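Dumped model_10.cif below, it's mmCIF, C-alpha atoms:
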```cif
data_work
#
loop_
_atom_site.group_PDB
_atom_site.id
_atom_site.type_symbol
_atom_site.label_atom_id
_atom_site.label_comp_id
_atom_site.auth_asym_id
_atom_site.auth_seq_id
_atom_site.Cartn_x
_atom_site.Cartn_y
_atom_site.Cartn_z
ATOM 1 C CA MET A 1 9.240 -9.153 14.864
ATOM 2 C CA LYS A 2 7.983 -9.956 11.374
ATOM 3 C CA ILE A 3 6.518 -7.204 9.206
ATOM 4 C CA ILE A 4 3.788 -6.873 6.588
ATOM 5 C CA ASP A 5 4.315 -3.721 4.495
ATOM 6 C CA LEU A 6 1.385 -2.848 2.268
ATOM 7 C CA HIS A 7 3.043 -0.387 -0.116
ATOM 8 C CA CYS A 8 6.308 0.179 -1.978
ATOM 9 C CA ASP A 9 7.231 1.419 -5.458
ATOM 10 C CA ALA A 10 10.160 -0.869 -6.252
ATOM 11 C CA LEU A 11 8.559 -2.058 -9.512
ATOM 12 C CA MET A 12 8.556 1.475 -10.878
ATOM 13 C CA LYS A 13 12.294 1.750 -10.169
ATOM 14 C CA LEU A 14 12.997 -1.675 -11.662
ATOM 15 C CA ALA A 15 11.055 -0.835 -14.832
ATOM 16 C CA ASP A 16 12.693 2.573 -15.135
ATOM 17 C CA GLY A 17 16.075 0.862 -14.749
ATOM 18 C CA LYS A 18 15.299 -1.449 -17.704
ATOM 19 C CA GLY A 19 17.209 -4.360 -16.175
ATOM 20 C CA SER A 20 20.111 -2.382 -14.717
ATOM 21 C CA LEU A 21 19.037 -2.903 -11.083
ATOM 22 C CA SER A 22 19.389 -6.136 -9.132
ATOM 23 C CA TYR A 23 16.460 -6.685 -6.792
ATOM 24 C CA ALA A 24 18.692 -8.789 -4.561
ATOM 25 C CA ASP A 25 20.916 -5.972 -3.362
ATOM 26 C CA SER A 26 20.868 -2.788 -5.482
ATOM 27 C CA LYS A 27 21.394 0.098 -3.078
ATOM 28 C CA GLU A 28 18.991 2.220 -5.161
ATOM 29 C CA LEU A 29 16.114 0.058 -3.871
ATOM 30 C CA ASP A 30 14.843 0.804 -0.356
ATOM 31 C CA THR A 31 13.083 -2.563 -0.391
ATOM 32 C CA ASN A 32 15.691 -4.837 -1.980
ATOM 33 C CA LYS A 33 15.762 -8.436 -0.760
ATOM 34 C CA ALA A 34 18.769 -7.942 1.514
ATOM 35 C CA ARG A 35 17.048 -5.031 3.273
ATOM 36 C CA LEU A 36 13.771 -6.934 3.623
ATOM 37 C CA GLN A 37 15.663 -9.804 5.223
ATOM 38 C CA LYS A 38 17.549 -7.560 7.647
ATOM 39 C CA GLY A 39 14.361 -5.740 8.666
ATOM 40 C CA GLU A 40 12.478 -9.066 9.062
ATOM 41 C CA THR A 41 9.816 -8.289 6.466
ATOM 42 C CA PHE A 42 7.378 -11.182 6.209
ATOM 43 C CA VAL A 43 5.344 -9.847 3.253
ATOM 44 C CA GLN A 44 6.081 -6.905 0.959
ATOM 45 C CA CYS A 45 3.361 -5.533 -1.302
ATOM 46 C CA PHE A 46 4.548 -4.178 -4.661
ATOM 47 C CA ALA A 47 2.509 -1.421 -6.296
ATOM 48 C CA ILE A 48 2.027 -1.115 -10.035
ATOM 49 C CA PHE A 49 2.059 2.634 -10.635
ATOM 50 C CA ILE A 50 1.952 4.135 -14.137
ATOM 51 C CA ASP A 51 3.435 7.588 -14.660
ATOM 52 C CA LEU A 52 0.885 10.153 -15.779
ATOM 53 C CA ASP A 53 3.132 11.230 -18.669
ATOM 54 C CA ILE A 54 2.821 7.858 -20.411
ATOM 55 C CA LYS A 55 0.367 8.018 -23.320
ATOM 56 C CA SER A 56 -2.970 6.388 -22.602
ATOM 57 C CA ASP A 57 -2.618 3.713 -25.280
ATOM 58 C CA GLN A 58 0.736 2.647 -23.798
ATOM 59 C CA LYS A 59 -0.276 2.463 -20.131
ATOM 60 C CA PHE A 60 -1.483 -1.142 -20.051
ATOM 61 C CA GLN A 61 1.773 -2.275 -21.621
ATOM 62 C CA ALA A 62 3.629 -0.251 -18.970
ATOM 63 C CA ALA A 63 1.708 -2.148 -16.277
ATOM 64 C CA LEU A 64 2.635 -5.464 -17.916
ATOM 65 C CA ASP A 65 6.267 -4.331 -18.053
ATOM 66 C CA GLN A 66 6.268 -3.808 -14.283
ATOM 67 C CA ILE A 67 4.724 -7.246 -13.773
ATOM 68 C CA TYR A 68 7.475 -8.654 -16.015
ATOM 69 C CA TYR A 69 10.120 -7.256 -13.670
ATOM 70 C CA PHE A 70 8.162 -8.541 -10.681
ATOM 71 C CA LYS A 71 8.019 -12.059 -12.127
ATOM 72 C CA ASN A 72 11.562 -12.161 -13.515
ATOM 73 C CA GLU A 73 13.708 -9.897 -11.319
ATOM 74 C CA VAL A 74 11.962 -10.089 -7.933
ATOM 75 C CA LEU A 75 10.675 -13.676 -8.022
ATOM 76 C CA GLY A 76 12.708 -15.345 -10.749
ATOM 77 C CA LYS A 77 16.155 -14.462 -9.428
ATOM 78 C CA ASN A 78 15.388 -14.713 -5.703
ATOM 79 C CA HIS A 79 14.070 -18.089 -4.593
ATOM 80 C CA GLU A 80 13.215 -16.731 -1.130
ATOM 81 C CA MET A 81 10.579 -14.430 -2.663
ATOM 82 C CA LYS A 82 7.199 -16.167 -3.083
ATOM 83 C CA GLN A 83 4.245 -14.578 -4.818
ATOM 84 C CA ILE A 84 1.004 -14.361 -2.874
ATOM 85 C CA THR A 85 -1.906 -14.864 -5.285
ATOM 86 C CA LYS A 86 -4.640 -15.771 -2.783
ATOM 87 C CA TRP A 87 -5.238 -14.866 0.844
ATOM 88 C CA GLU A 88 -4.466 -18.351 2.155
ATOM 89 C CA ASP A 89 -0.901 -18.024 0.812
ATOM 90 C CA PHE A 90 0.021 -15.900 3.846
ATOM 91 C CA ASP A 91 -0.347 -19.054 5.942
ATOM 92 C CA GLN A 92 1.870 -21.148 3.663
ATOM 93 C CA LEU A 93 5.044 -19.060 3.851
ATOM 94 C CA LYS A 94 8.030 -20.843 5.372
ATOM 95 C CA GLU A 95 10.429 -19.282 7.855
ATOM 96 C CA ASN A 96 13.056 -18.213 5.310
ATOM 97 C CA GLU A 97 10.558 -17.032 2.672
ATOM 98 C CA ILE A 98 9.238 -13.525 1.997
ATOM 99 C CA GLY A 99 5.792 -13.090 0.515
ATOM 100 C CA ALA A 100 5.424 -10.735 -2.451
ATOM 101 C CA MET A 101 1.983 -9.391 -3.357
ATOM 102 C CA LEU A 102 0.977 -7.244 -6.321
ATOM 103 C CA THR A 103 -1.196 -4.155 -5.863
ATOM 104 C CA LEU A 104 -2.453 -1.548 -8.321
ATOM 105 C CA GLU A 105 -2.114 2.177 -7.599
ATOM 106 C CA GLY A 106 -4.603 3.830 -9.929
ATOM 107 C CA VAL A 107 -6.546 2.112 -12.715
ATOM 108 C CA ASP A 108 -5.374 4.450 -15.490
ATOM 109 C CA ALA A 109 -3.712 1.494 -17.233
ATOM 110 C CA ILE A 110 -7.012 -0.200 -18.046
ATOM 111 C CA GLY A 111 -8.849 2.821 -19.484
ATOM 112 C CA ASN A 112 -12.479 1.705 -19.361
ATOM 113 C CA ASP A 113 -11.759 -1.948 -20.174
ATOM 114 C CA ILE A 114 -12.739 -4.276 -17.342
ATOM 115 C CA GLN A 115 -11.240 -7.219 -19.251
ATOM 116 C CA LYS A 116 -7.806 -5.657 -18.749
ATOM 117 C CA TYR A 117 -8.667 -5.291 -15.057
ATOM 118 C CA SER A 118 -9.501 -8.990 -14.948
ATOM 119 C CA ILE A 119 -6.161 -9.826 -16.578
ATOM 120 C CA LEU A 120 -4.281 -7.913 -13.889
ATOM 121 C CA HIS A 121 -6.198 -9.832 -11.230
ATOM 122 C CA GLU A 122 -5.353 -13.110 -12.974
ATOM 123 C CA LEU A 123 -1.688 -12.095 -12.797
ATOM 124 C CA GLY A 124 -1.986 -11.705 -9.032
ATOM 125 C CA VAL A 125 -3.227 -8.205 -8.145
ATOM 126 C CA LEU A 126 -5.057 -8.451 -4.781
ATOM 127 C CA SER A 127 -5.451 -4.784 -3.783
ATOM 128 C CA VAL A 128 -6.493 -1.830 -5.950
ATOM 129 C CA GLY A 129 -6.598 1.909 -5.445
ATOM 130 C CA LEU A 130 -8.867 3.372 -8.122
ATOM 131 C CA THR A 131 -6.779 6.528 -8.520
ATOM 132 C CA TRP A 132 -3.454 8.071 -7.742
ATOM 133 C CA ASN A 133 -3.831 11.823 -7.042
ATOM 134 C CA ASN A 134 -5.286 12.547 -10.483
ATOM 135 C CA ALA A 135 -8.750 11.995 -11.953
ATOM 136 C CA ASN A 136 -9.390 9.064 -14.267
ATOM 137 C CA LEU A 137 -12.361 7.177 -15.676
ATOM 138 C CA ALA A 138 -13.133 5.577 -12.291
ATOM 139 C CA ALA A 139 -12.932 8.448 -9.792
ATOM 140 C CA ASP A 140 -11.268 11.688 -8.741
ATOM 141 C CA GLY A 141 -8.052 11.474 -6.756
ATOM 142 C CA ALA A 142 -6.999 13.550 -3.761
ATOM 143 C CA GLY A 143 -5.277 16.126 -5.967
ATOM 144 C CA GLU A 144 -8.184 16.733 -8.364
ATOM 145 C CA PRO A 145 -9.814 20.115 -7.525
ATOM 146 C CA ARG A 146 -13.206 18.963 -8.810
ATOM 147 C CA GLY A 147 -13.424 16.404 -5.975
ATOM 148 C CA ALA A 148 -16.131 14.267 -7.588
ATOM 149 C CA GLY A 149 -17.006 10.760 -6.442
ATOM 150 C CA LEU A 150 -16.944 7.420 -8.207
ATOM 151 C CA THR A 151 -18.154 7.134 -11.783
ATOM 152 C CA SER A 152 -20.442 4.288 -12.823
ATOM 153 C CA PHE A 153 -17.320 2.520 -14.085
ATOM 154 C CA GLY A 154 -15.601 3.062 -10.736
ATOM 155 C CA LYS A 155 -18.544 1.475 -8.943
ATOM 156 C CA GLU A 156 -18.375 -1.460 -11.357
ATOM 157 C CA LEU A 157 -14.725 -1.968 -10.418
ATOM 158 C CA VAL A 158 -15.511 -1.934 -6.689
ATOM 159 C CA GLN A 159 -18.196 -4.562 -7.286
ATOM 160 C CA PHE A 160 -15.599 -6.624 -9.190
ATOM 161 C CA ASN A 161 -13.327 -6.287 -6.150
ATOM 162 C CA ASN A 162 -16.113 -7.448 -3.843
ATOM 163 C CA GLN A 163 -16.829 -10.462 -6.047
ATOM 164 C CA HIS A 164 -13.167 -11.501 -6.285
ATOM 165 C CA LYS A 165 -12.125 -10.640 -2.700
ATOM 166 C CA ILE A 166 -9.833 -7.814 -3.813
ATOM 167 C CA LEU A 167 -9.087 -4.998 -1.368
ATOM 168 C CA THR A 168 -10.357 -1.561 -2.414
ATOM 169 C CA ASP A 169 -7.689 0.936 -1.372
ATOM 170 C CA VAL A 170 -8.919 4.433 -0.453
ATOM 171 C CA SER A 171 -5.532 6.062 0.190
ATOM 172 C CA HIS A 172 -5.423 8.337 -2.888
ATOM 173 C CA LEU A 173 -9.121 9.082 -3.335
ATOM 174 C CA CYS A 174 -10.716 12.490 -2.895
ATOM 175 C CA GLU A 175 -13.116 12.628 0.039
ATOM 176 C CA LYS A 176 -16.317 12.296 -2.001
ATOM 177 C CA ALA A 177 -14.950 9.200 -3.757
ATOM 178 C CA PHE A 178 -13.881 7.809 -0.369
ATOM 179 C CA TRP A 179 -17.466 7.966 0.901
ATOM 180 C CA ASP A 180 -18.766 6.392 -2.313
ATOM 181 C CA VAL A 181 -16.352 3.495 -1.801
ATOM 182 C CA MET A 182 -17.397 3.085 1.822
ATOM 183 C CA GLU A 183 -21.021 2.669 0.746
ATOM 184 C CA ILE A 184 -20.346 -0.339 -1.479
ATOM 185 C CA ALA A 185 -16.901 -1.875 -0.755
ATOM 186 C CA LYS A 186 -16.765 -5.111 1.217
ATOM 187 C CA TYR A 187 -12.992 -4.917 1.714
ATOM 188 C CA PRO A 188 -11.871 -1.286 2.174
ATOM 189 C CA ILE A 189 -8.313 -0.494 3.213
ATOM 190 C CA ALA A 190 -6.034 2.531 3.359
ATOM 191 C CA SER A 191 -2.651 1.144 2.328
ATOM 192 C CA HIS A 192 -0.587 4.261 3.100
ATOM 193 C CA SER A 193 -2.316 7.161 4.859
ATOM 194 C CA ASN A 194 -1.937 9.154 8.082
ATOM 195 C CA SER A 195 -4.133 11.420 10.225
ATOM 196 C CA LYS A 196 -5.248 14.755 8.804
ATOM 197 C CA VAL A 197 -5.772 16.058 12.354
ATOM 198 C CA LEU A 198 -2.023 15.776 13.020
ATOM 199 C CA CYS A 199 -0.872 16.772 9.524
ATOM 200 C CA ASN A 200 -3.252 18.684 7.290
ATOM 201 C CA HIS A 201 -2.252 17.076 3.997
ATOM 202 C CA VAL A 202 -4.738 16.256 1.246
ATOM 203 C CA ARG A 203 -3.537 12.637 1.274
ATOM 204 C CA ASN A 204 -4.382 12.067 4.941
ATOM 205 C CA LEU A 205 -7.663 10.906 6.507
ATOM 206 C CA THR A 206 -10.032 12.887 8.709
ATOM 207 C CA ASP A 207 -11.216 11.419 12.007
ATOM 208 C CA GLN A 208 -14.631 10.835 10.438
ATOM 209 C CA GLN A 209 -13.039 8.840 7.620
ATOM 210 C CA ALA A 210 -10.861 6.864 10.028
ATOM 211 C CA ARG A 211 -13.801 5.954 12.247
ATOM 212 C CA ALA A 212 -15.770 4.849 9.188
ATOM 213 C CA MET A 213 -12.896 2.575 8.172
ATOM 214 C CA PHE A 214 -12.680 1.045 11.626
ATOM 215 C CA ASP A 215 -16.467 0.626 11.884
ATOM 216 C CA LYS A 216 -16.481 -1.303 8.605
ATOM 217 C CA GLY A 217 -13.603 -3.581 9.583
ATOM 218 C CA GLY A 218 -11.105 -1.824 7.333
ATOM 219 C CA LEU A 219 -7.467 -1.162 8.126
ATOM 220 C CA ILE A 220 -5.348 1.982 7.993
ATOM 221 C CA HIS A 221 -1.666 1.428 7.298
ATOM 222 C CA VAL A 222 0.445 4.428 8.265
ATOM 223 C CA VAL A 223 2.848 5.854 5.696
ATOM 224 C CA PHE A 224 6.498 6.828 6.302
ATOM 225 C CA ASN A 225 6.523 9.906 4.040
ATOM 226 C CA PRO A 226 7.579 12.900 6.220
ATOM 227 C CA PRO A 227 5.282 15.458 4.460
ATOM 228 C CA PHE A 228 2.330 13.233 5.490
ATOM 229 C CA ILE A 229 3.581 13.111 9.110
ATOM 230 C CA ASN A 230 4.517 16.733 9.841
ATOM 231 C CA GLU A 231 3.701 19.856 7.882
ATOM 232 C CA SER A 232 7.368 20.841 8.317
ATOM 233 C CA GLY A 233 8.290 17.955 6.005
ATOM 234 C CA GLN A 234 10.671 16.406 8.549
ATOM 235 C CA ALA A 235 9.844 13.511 10.844
ATOM 236 C CA SER A 236 11.178 11.139 13.491
ATOM 237 C CA ILE A 237 9.920 7.689 14.456
ATOM 238 C CA SER A 238 8.195 9.302 17.448
ATOM 239 C CA ASP A 239 6.342 11.629 15.097
ATOM 240 C CA LEU A 240 5.045 8.643 13.120
ATOM 241 C CA ILE A 241 3.934 6.915 16.328
ATOM 242 C CA LYS A 242 1.806 9.967 17.171
ATOM 243 C CA HIS A 243 -0.334 9.146 14.130
ATOM 244 C CA MET A 244 -0.693 5.562 15.339
ATOM 245 C CA ASP A 245 -1.598 6.827 18.816
ATOM 246 C CA HIS A 246 -4.271 9.038 17.324
ATOM 247 C CA PHE A 247 -5.805 6.226 15.287
ATOM 248 C CA CYS A 248 -5.765 4.054 18.422
ATOM 249 C CA SER A 249 -7.692 6.781 20.263
ATOM 250 C CA LEU A 250 -10.393 6.469 17.590
ATOM 251 C CA GLY A 251 -10.750 2.745 18.272
ATOM 252 C CA GLY A 252 -8.306 1.374 15.714
ATOM 253 C CA VAL A 253 -5.714 -0.419 17.850
ATOM 254 C CA GLU A 254 -6.559 -3.727 16.130
ATOM 255 C CA GLN A 255 -6.846 -2.169 12.654
ATOM 256 C CA ILE A 256 -3.543 -0.340 12.155
ATOM 257 C CA GLY A 257 -0.578 -1.487 10.073
ATOM 258 C CA PHE A 258 2.352 -0.241 7.997
ATOM 259 C CA GLY A 259 2.479 0.977 4.384
ATOM 260 C CA SER A 260 5.937 2.507 4.107
ATOM 261 C CA ASP A 261 5.856 3.920 0.552
ATOM 262 C CA PHE A 262 9.554 3.063 0.336
ATOM 263 C CA ASP A 263 10.996 3.554 -3.169
ATOM 264 C CA GLY A 264 8.267 6.116 -3.825
ATOM 265 C CA ILE A 265 9.292 8.853 -1.382
ATOM 266 C CA SER A 266 12.143 11.329 -1.690
ATOM 267 C CA THR A 267 12.571 12.171 2.015
ATOM 268 C CA LYS A 268 12.737 9.681 4.873
ATOM 269 C CA ILE A 269 12.078 9.349 8.594
ATOM 270 C CA SER A 270 15.310 9.512 10.586
ATOM 271 C CA LYS A 271 16.501 5.963 11.447
ATOM 272 C CA LEU A 272 13.778 4.499 9.219
ATOM 273 C CA GLU A 273 15.279 5.206 5.793
ATOM 274 C CA ASN A 274 14.700 1.768 4.248
ATOM 275 C CA SER A 275 13.284 -1.673 5.003
ATOM 276 C CA SER A 276 16.397 -2.848 6.839
ATOM 277 C CA MET A 277 15.562 -0.414 9.677
ATOM 278 C CA TYR A 278 12.044 -1.657 10.431
ATOM 279 C CA GLN A 279 13.041 -3.060 13.820
ATOM 280 C CA ASN A 280 13.937 0.470 14.967
ATOM 281 C CA LEU A 281 10.231 1.259 14.669
ATOM 282 C CA ILE A 282 9.248 -1.964 16.423
ATOM 283 C CA ASN A 283 11.613 -1.302 19.330
ATOM 284 C CA GLU A 284 10.239 2.201 19.773
ATOM 285 C CA LEU A 285 6.629 0.969 19.675
ATOM 286 C CA LEU A 286 7.395 -1.613 22.377
ATOM 287 C CA LYS A 287 8.121 1.260 24.772
ATOM 288 C CA TYR A 288 4.475 2.351 24.587
ATOM 289 C CA TYR A 289 2.421 -0.688 23.607
ATOM 290 C CA SER A 290 2.199 -4.321 24.684
ATOM 291 C CA GLU A 291 4.000 -6.954 22.636
ATOM 292 C CA GLU A 292 0.636 -8.281 21.447
ATOM 293 C CA GLN A 293 -0.450 -4.837 20.265
ATOM 294 C CA VAL A 294 2.841 -4.263 18.429
ATOM 295 C CA GLN A 295 2.552 -7.681 16.784
ATOM 296 C CA GLY A 296 -0.865 -6.500 15.626
ATOM 297 C CA PHE A 297 0.576 -3.371 14.050
ATOM 298 C CA ALA A 298 3.447 -5.311 12.497
ATOM 299 C CA TYR A 299 1.477 -8.123 10.861
ATOM 300 C CA GLN A 300 -1.353 -9.717 12.846
ATOM 301 C CA ASN A 301 -3.991 -7.006 12.352
ATOM 302 C CA PHE A 302 -3.737 -7.446 8.597
ATOM 303 C CA LEU A 303 -3.915 -11.230 8.853
ATOM 304 C CA ASN A 304 -6.980 -10.945 11.090
ATOM 305 C CA HIS A 305 -8.830 -8.631 8.674
ATOM 306 C CA ARG A 306 -7.883 -10.025 5.250
ATOM 307 C CA PRO A 307 -10.756 -11.332 3.113
ATOM 308 C CA GLU A 308 -11.852 -14.884 3.840
#
```
Rendering of file as structure tokens:
Amino acid sequence: MKIIDLHCDALMKLADGKGSLSYADSKELDTNKARLQKGETFVQCFAIFIDLDIKSDQKFQAALDQIYYFKNEVLGKNHEMKQITKWEDFDQLKENEIGAMLTLEGVDAIGNDIQKYSILHELGVLSVGLTWNNANLAADGAGEPRGAGLTSFGKELVQFNNQHKILTDVSHLCEKAFWDVMEIAKYPIASHSNSKVLCNHVRNLTDQQARAMFDKGGLIHVVFNPPFINESGQASISDLIKHMDHFCSLGGVEQIGFGSDFDGISTKISKLENSSMYQNLINELLKYYSEEQVQGFAYQNFLNHRPE
């Protein structure tokens, strides 16, 4: 069964490797092309994430560096990988092709310059989380003790997203910023988040937040990071499915997907350690859900709810 995965950090690894890693088959990459093919990934989203230690005046260049590796290492050397730059491109992929979509995890790279934001969109970014866990000029992230909402600049960016049919990703926002986004965003999504009821982690979503997402037509893509699944920090595929079950109980059966966070997590779910093992998850889901429902989780829910 084909897969749409909304979040990985392969670009960070490729940029850190400065050309030493081959996207085709480097074992250091959880989401290398060979593993995507084996796991039957249909579309992989690639996050641009800028390390907090990089000086502010160098962050935009760091974002461009990651896009360089995306264009030259991921796309340029692997003809099966096709960039998705508009929502209709999902429908144009051929059987042997894998879609590759750019996302932005935190807007630190642009400072307060919306022209830089526009440039990133022109280069293909279709989904944006305003923060990582820190605070920046747009909003406070989940790890910022202040817990403030969106700034005026943050609201301007969400309006830009609405105008250009860009997804606004709530996964790393603090709760106040989440509710600010929900007031104004046309296309909200949680690219990699689980249920706070089942695992009380600051990065997870409360039932109230999840219901708000579902009511607004947004999607929640569950994340494969064990500390977000169990407070013990260890997890099985069955443990992950419990989060999906819970979101289904809140009315989200047609609004759930996958956002693995492969290449950005240090511990893994047993038997789901990289993209090649995706069908292990599918086979386990088929024990509990209909084939149509599992197809929804795997790819169809996202296709049904993407911007038009």
Query raised in the report: Do you know which residues the PyMOL selection byres ((chain A and resi 155-157) around 12) returns on this file, as a ChimeraX atom specification?
Result: /A:106-107,110-118,121,127-131,137-139,149-154,158-169,177-185
Convert the output of the PyMOL selection byres ((chain A and resi 15-29) around 8) on the shown file into explicit residues, formatted as a compact mmCIF listing (two decimals) with C-alpha atoms, in the frame of the given file.
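Result file result_17.txt:
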```
# COMPACT_ATOMS: atom_id res chain seq x y z
CA ALA A 10 10.16 -0.87 -6.25
CA LEU A 11 8.56 -2.06 -9.51
CA MET A 12 8.56 1.48 -10.88
CA LYS A 13 12.29 1.75 -10.17
CA LEU A 14 13.00 -1.68 -11.66
CA ASP A 30 14.84 0.80 -0.36
CA THR A 31 13.08 -2.56 -0.39
CA ASN A 32 15.69 -4.84 -1.98
CA LYS A 33 15.76 -8.44 -0.76
CA ALA A 34 18.77 -7.94 1.51
CA ARG A 35 17.05 -5.03 3.27
CA ASP A 65 6.27 -4.33 -18.05
CA GLN A 66 6.27 -3.81 -14.28
CA TYR A 69 10.12 -7.26 -13.67
CA GLU A 73 13.71 -9.90 -11.32
CA VAL A 74 11.96 -10.09 -7.93
CA LYS A 77 16.16 -14.46 -9.43
CA ASN A 78 15.39 -14.71 -5.70
CA ASP A 263 11.00 3.55 -3.17
```
Query raised in the report: Can you tell me how far atom CA of A:Asn204 sits from atom CA of A:Asn136, in Å to one decimal?
Result: 20.1 Å
Requested in this report: Counting only C-alpha atoms, figure out which residue out of A:Gln234, A:Ser195, A:Gln255, A:Ser276 gets nearest to A:Gln295.
Outcome: A:Gln255
Query raised in the report: Which residue out of A:Gln208, A:Gln300, A:Asn200, A:Gln279 has the minimum interatomic distance to A:Gly251 when only C-alpha atoms are used?
Result: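 Looking at the shortest contact to A:Gly251, the residue is A:Gln208.
Residues with any atom within 9 Å of A:Gly252, counting only C-alpha atoms and excluding same-chain neighbours fewer than 4 positions away, are Ala210, Arg211, Met213, Phe214, Leu219, Ile220, Met244, His246, Phe247, Cys248 and Ile256 of chain A.
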Keeping C-alpha atoms, export the residues of the selection given above as a compact mmCIF listing (two decimals), keeping the file's coordinate frame.
```
# COMPACT_ATOMS: atom_id res chain seq x y z
CA ALA A 210 -10.86 6.86 10.03
CA ARG A 211 -13.80 5.95 12.25
CA MET A 213 -12.90 2.58 8.17
CA PHE A 214 -12.68 1.04 11.63
CA LEU A 219 -7.47 -1.16 8.13
CA ILE A 220 -5.35 1.98 7.99
CA MET A 244 -0.69 5.56 15.34
CA HIS A 246 -4.27 9.04 17.32
CA PHE A 247 -5.80 6.23 15.29
CA CYS A 248 -5.76 4.05 18.42
CA ILE A 256 -3.54 -0.34 12.16
```
Query raised in the report: With only C-alpha atoms as the atoms that count, which of A:Ser249, A:Val43, A:Asp261, A:Trp87 lies nearest to A:Asn304?
Result: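 Using only C-alpha atoms, A:Asn304 sits closest to A:Trp87.
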If the box runs along x, y and z of the file and leaves 8 Å on each side of stretch 155-171 of chain A, what are its centre and edge lengths in Å, one decimal, as lines of an AutoDock Vina configuration file?
```
center_x = -12.0
center_y = -2.7
center_z = -5.6
size_x = 29.0
size_y = 33.6
size_z = 27.5
```
Requested in this report: Tell me which residues the PyMOL selection byres ((chain A and resi 258) around 10) grabs here, as a ChimeraX atom specification.
Outcome: /A:3-7,190-193,219-224,244,256-257,259-261,297-299,302
